[in-house]
Amino acid sequence: MPSSLTIFPVDNGDMALIELSNKQNVLIDINIRAAADNPDDDECYDVASDLKKRLPRDVEGRLYIDVFMLSHPDADHVTGLRNHFYLGKPEDFPKGNRDLILIREMWSSPIVFRRASTAHILCEDAKAWAKEARRRVAHYKARRTAGHGDRIMIIGEDKDGKTEDIMAIVAKQNSLVTTVNGDDSSGLEARVLAPMVVNDVDEELIKTLEKNNSSIIMQFSIPADGFKDQCRFLSGGDADVAIWERLWNQHEKTGTTDWLSYDVMETPHHCSWRTLSYDRWSELGEKVKVCQEARSALSQTRVGASIVASSRPILKEEPNPPHERAKREYLSMVGNDDARFVCTSEFLQKEGRPVEFKIDCSGVTRTRLLTAARAATAVGVSTVATTARGHG
């Protein structure tokens with residue numbers, strides 16, 4: 001059975017869904033704005049309805065996500081949580097409710113929350129996520145086990161030894177997560193690249209990590225048709241240049257730069273220039289310099305790889321993010337092939353739907369509507385190959 005990867009159009013925000021061949025699913029971030037929930041708003045894509053159409057129901061009729069990973073608690077990565085997802089004890093799920101989504105397992109990082117809260121006040125959805133994460137951790141501590149709706153995986157160790165007594169549910173930096181909601185049958189492998197844990201004595205580095213949007217960075221290796229590693233998806237939240245620079249230096253030193261490779265990458269921070277450079281465009285313009293280490297970390301493409309900017313349309317006069325100069329750099333990473341760089345908002349304008357990738361035994365293809373003239377009468381979709389690898 002094939003797998004799939006869908007990256008939804010949510011303006012400057014992130015929302016991606018991995019649907020695995022064994023019918024399990026993984027959601028990374030959401031940005032379900034009020035306009036998207038307004039039936040009278042024809043300009044904002046109804047991502048909540050689209051997501052729910054793709055989700056299975058359990059024996060009690062509840063919609064569910066096997067894993068929901070929050071990269072970091074900025075509003076454009078968690079908006080809509082309380083409106084569309086059930087938070088609380090699974091036995092208290094409102095009977096007969098066919099609209100709320102049960103989160104079977106949360107993937108959450110306490111250190112990312114801690115760094116975020118020092119820099120800005122958490123939005124109400126982020127506070128609700130943190131409260132639910134604490135409930136699930138307490139449930140595990142009390143029982144040393146958890147079922148659907150109570151399960152949590154902590155991504156990255158917390159500081160001051162706060163996670164030492166629950167290491168069975170902690171995925172440390174550089175470790176490989178091979179279970180989805182406690183089940184290892186899918187064949188999915190998720191490599192934890194960040195957050196980074198540093199000693200409190202390293203005050204300058206701590207400030208850098210706080211300032212530059214510490215996020216969960218994950219390399220997902222997605223199986224399909226009985227074959228492992230058919231698609232590598234690199235997801236980096238809002239991680240900025242200092243973090244990518246540090247990651248490259250770490251992995252170049254250890255010979256593990258392959259952990260940064262991908263078939264599909266979602267541009268960090270919505271195609272922001274500050275992911276690729278320390279220089280300010282507003283001050284230097286075209287004289288800005290790319291940080292070569294950060295660029296190296298973000299350019300580990302496999303054959304035919306695609307890069308997706310989850311952002312507003314990318315225009316020269318638009319503020320950062322997205323940034324046209326960053327787009328040019330990403331385009332160069334994919335051989336300046338316009339077909340392999342996609343902006344979710346621009347794709348929505350052209351084709352009226354999310355960016356979708358089909359993953360099967362031959363590799364990765366981006367599904368695509370027929371030409372506009374034929375789209376109204378089309379019965380299905382054509383595909384444009386972005387990656388194809390044999391098994392010989």
# chains A, B, ... in the order shown; residues from 1 in each chain; ligands from 1
$ select_by_dssp --residues "range 139-364 of chain A" --states "alpha helix (DSSP H)" --output "PyMOL selection string"
chain A and resi 139-143+203-211+241-254+281-284+292-298+324-333+344-351
$ select_by_dssp --residues "range 14-124 of chain A" --states "strand (DSSP E)" --output "ChimeraX atom specification"
/A:16-19,25-28,30-31,63-69,78-79,85-86,101-108
$ write_last_selection --atoms "C-alpha atoms" --output "PDB file, in the first residue's frame"
ATOM      1  CA  ALA A  16       1.414  18.601   7.387  1.00  0.00           C
ATOM      2  CA  LEU A  17      -0.162  15.141   7.459  1.00  0.00           C
ATOM      3  CA  ILE A  18       1.641  11.839   6.877  1.00  0.00           C
ATOM      4  CA  GLU A  19      -0.726   8.963   6.031  1.00  0.00           C
ATOM      5  CA  ASN A  25      -1.264   8.911  10.521  1.00  0.00           C
ATOM      6  CA  VAL A  26       1.029  11.629  11.870  1.00  0.00           C
ATOM      7  CA  LEU A  27       0.074  15.320  12.002  1.00  0.00           C
ATOM      8  CA  ILE A  28       2.756  17.994  12.345  1.00  0.00           C
ATOM      9  CA  ILE A  30      -1.808  23.144  12.694  1.00  0.00           C
ATOM     10  CA  ASN A  31      -2.843  26.680  11.788  1.00  0.00           C
ATOM     11  CA  LEU A  63     -12.160  10.936  14.582  1.00  0.00           C
ATOM     12  CA  TYR A  64      -8.547  10.412  15.598  1.00  0.00           C
ATOM     13  CA  ILE A  65      -4.921  11.210  14.891  1.00  0.00           C
ATOM     14  CA  ASP A  66      -2.415   8.505  15.845  1.00  0.00           C
ATOM     15  CA  VAL A  67       0.335  11.088  16.504  1.00  0.00           C
ATOM     16  CA  PHE A  68       0.162  14.883  16.683  1.00  0.00           C
ATOM     17  CA  MET A  69       3.602  16.524  16.880  1.00  0.00           C
ATOM     18  CA  VAL A  78      -1.055  25.527  17.059  1.00  0.00           C
ATOM     19  CA  THR A  79      -4.060  27.770  16.258  1.00  0.00           C
ATOM     20  CA  PHE A  85      -9.256  18.601  18.977  1.00  0.00           C
ATOM     21  CA  TYR A  86     -10.404  16.937  22.170  1.00  0.00           C
ATOM     22  CA  ILE A 101     -10.480  14.823  16.921  1.00  0.00           C
ATOM     23  CA  LEU A 102      -8.947  12.534  19.538  1.00  0.00           C
ATOM     24  CA  ILE A 103      -5.154  12.769  19.772  1.00  0.00           C
ATOM     25  CA  ARG A 104      -4.039   9.225  20.501  1.00  0.00           C
ATOM     26  CA  GLU A 105      -0.414  10.229  21.121  1.00  0.00           C
ATOM     27  CA  MET A 106       1.197  13.650  21.554  1.00  0.00           C
ATOM     28  CA  TRP A 107       4.806  14.382  20.617  1.00  0.00           C
ATOM     29  CA  SER A 108       5.851  17.438  22.583  1.00  0.00           C
TER      30      SER A 108
END
$ closest_residue --among "A:His251, A:Arg353, A:Arg136, A:Lys316" --to "Val47 in chain A" --atoms "only C-alpha atoms"
A:Arg353
$ residues_around --residues "Lys327 in chain A" --least-positions-apart "2" --cutoff "12 Å" --atoms "only C-alpha atoms" --output "short mmCIF file (atom, residue, chain, number, x, y, z; two decimals) with N, CA and C atoms, in the first residue's frame"
data_model
loop_
_atom_site.label_atom_id
_atom_site.label_comp_id
_atom_site.auth_asym_id
_atom_site.auth_seq_id
_atom_site.Cartn_x
_atom_site.Cartn_y
_atom_site.Cartn_z
N THR A 267 10.24 24.38 4.06
CA THR A 267 11.20 25.44 4.41
C THR A 267 10.96 25.92 5.83
N PRO A 268 11.99 25.98 6.66
CA PRO A 268 11.81 26.47 8.02
C PRO A 268 11.32 27.92 8.04
N HIS A 270 8.66 29.40 7.17
CA HIS A 270 7.85 29.93 6.07
C HIS A 270 8.68 30.70 5.04
N CYS A 271 9.81 30.12 4.69
CA CYS A 271 10.71 30.70 3.67
C CYS A 271 11.30 32.03 4.14
N SER A 272 11.67 32.07 5.41
CA SER A 272 12.29 33.27 5.98
C SER A 272 13.75 33.40 5.55
N TRP A 273 14.18 34.63 5.31
CA TRP A 273 15.59 34.88 5.00
C TRP A 273 16.48 34.59 6.19
N THR A 275 16.53 32.26 8.19
CA THR A 275 16.92 30.85 8.32
C THR A 275 18.25 30.58 7.64
N LEU A 276 18.60 31.41 6.68
CA LEU A 276 19.77 31.17 5.85
C LEU A 276 20.92 32.15 6.09
N ILE A 307 11.11 21.06 -2.51
CA ILE A 307 11.08 21.97 -1.36
C ILE A 307 9.75 22.70 -1.38
N VAL A 308 9.08 22.72 -0.22
CA VAL A 308 7.76 23.35 -0.11
C VAL A 308 7.84 24.49 0.89
N ALA A 309 7.41 25.68 0.45
CA ALA A 309 7.31 26.83 1.34
C ALA A 309 5.87 26.93 1.82
N SER A 310 5.65 26.69 3.11
CA SER A 310 4.32 26.83 3.68
C SER A 310 4.16 28.29 4.09
N SER A 311 3.68 29.08 3.15
CA SER A 311 3.71 30.53 3.34
C SER A 311 2.70 31.23 2.45
N PRO A 313 1.95 33.92 -0.67
CA PRO A 313 2.64 34.06 -1.95
C PRO A 313 3.95 34.83 -1.78
N ILE A 314 4.98 34.41 -2.50
CA ILE A 314 6.31 34.98 -2.32
C ILE A 314 6.52 36.07 -3.36
N LEU A 315 6.51 37.32 -2.90
CA LEU A 315 6.65 38.48 -3.77
C LEU A 315 7.79 39.35 -3.27
N LYS A 316 8.45 40.05 -4.17
CA LYS A 316 9.60 40.87 -3.78
C LYS A 316 9.23 41.95 -2.78
N ASN A 320 9.33 39.92 5.29
CA ASN A 320 9.96 38.63 5.59
C ASN A 320 9.35 38.08 6.88
N PRO A 321 8.82 36.82 6.91
CA PRO A 321 8.71 35.89 5.80
C PRO A 321 7.37 36.05 5.05
N PRO A 322 7.27 35.44 3.83
CA PRO A 322 8.34 34.78 3.09
C PRO A 322 9.23 35.80 2.40
N HIS A 323 10.38 35.32 1.94
CA HIS A 323 11.35 36.24 1.35
C HIS A 323 11.79 35.71 -0.02
N GLU A 324 11.73 36.61 -0.99
CA GLU A 324 12.07 36.22 -2.37
C GLU A 324 13.53 35.80 -2.49
N ARG A 325 14.43 36.42 -1.72
CA ARG A 325 15.84 36.04 -1.77
C ARG A 325 16.03 34.62 -1.21
N GLU A 329 17.44 31.05 -3.08
CA GLU A 329 18.43 30.13 -2.53
C GLU A 329 17.90 28.70 -2.52
N TYR A 330 16.65 28.54 -2.12
CA TYR A 330 16.05 27.20 -2.12
C TYR A 330 15.92 26.64 -3.54
N LEU A 331 15.57 27.52 -4.48
CA LEU A 331 15.50 27.08 -5.87
C LEU A 331 16.85 26.54 -6.35
N SER A 332 17.93 27.20 -5.94
CA SER A 332 19.26 26.73 -6.35
C SER A 332 19.56 25.35 -5.78
N MET A 333 18.97 25.03 -4.63
CA MET A 333 19.20 23.71 -4.02
C MET A 333 18.55 22.59 -4.83
N VAL A 334 17.52 22.93 -5.62
CA VAL A 334 16.85 21.92 -6.44
C VAL A 334 17.11 22.17 -7.93
N ASN A 336 17.44 24.89 -9.65
CA ASN A 336 16.66 25.96 -10.28
C ASN A 336 15.51 25.42 -11.13
N ASP A 337 14.95 24.30 -10.67
CA ASP A 337 13.81 23.67 -11.34
C ASP A 337 12.53 24.16 -10.66
N ASP A 338 11.77 25.03 -11.35
CA ASP A 338 10.57 25.62 -10.77
C ASP A 338 9.54 24.57 -10.35
N ARG A 340 10.09 21.94 -8.81
CA ARG A 340 10.49 21.28 -7.56
C ARG A 340 10.51 22.22 -6.37
N PHE A 341 10.09 23.47 -6.58
CA PHE A 341 9.89 24.40 -5.47
C PHE A 341 8.43 24.83 -5.52
N VAL A 342 7.71 24.63 -4.41
CA VAL A 342 6.27 24.90 -4.38
C VAL A 342 5.94 25.76 -3.18
N CYS A 343 5.15 26.80 -3.39
CA CYS A 343 4.60 27.61 -2.30
C CYS A 343 3.14 27.19 -2.11
#
$ residues_around --residues "Gln292 in chain A" --least-positions-apart "5" --cutoff "9 Å" --atoms "only C-alpha atoms" --output "list in words"
Glu245, Leu276, Ser277 and Ala297 of chain A
$ closest_residue --among "A:Met15, A:Val197, A:Leu247, A:Val303" --to "Arg33 in chain A" --atoms "only C-alpha atoms"
A:Met15
$ residues_around --residues "Thr163 in chain A" --least-positions-apart "2" --cutoff "12 Å" --atoms "only C-alpha atoms" --output "list in words"
Ser109, Pro110, Ile111, Val137, Ala138, Lys141, Met153, Ile154, Ile155, Gly156, Glu157, Asp158, Lys159, Asp160, Gly161, Asp165, Ile166, Met167, Ala168, Ile169, Val170, Ala171 and Lys172 of chain A
$ residues_around --residues "Lys23 in chain A" --least-positions-apart "4" --cutoff "9 Å" --atoms "only C-alpha atoms" --output "ChimeraX atom specification"
/A:3,19,56,186
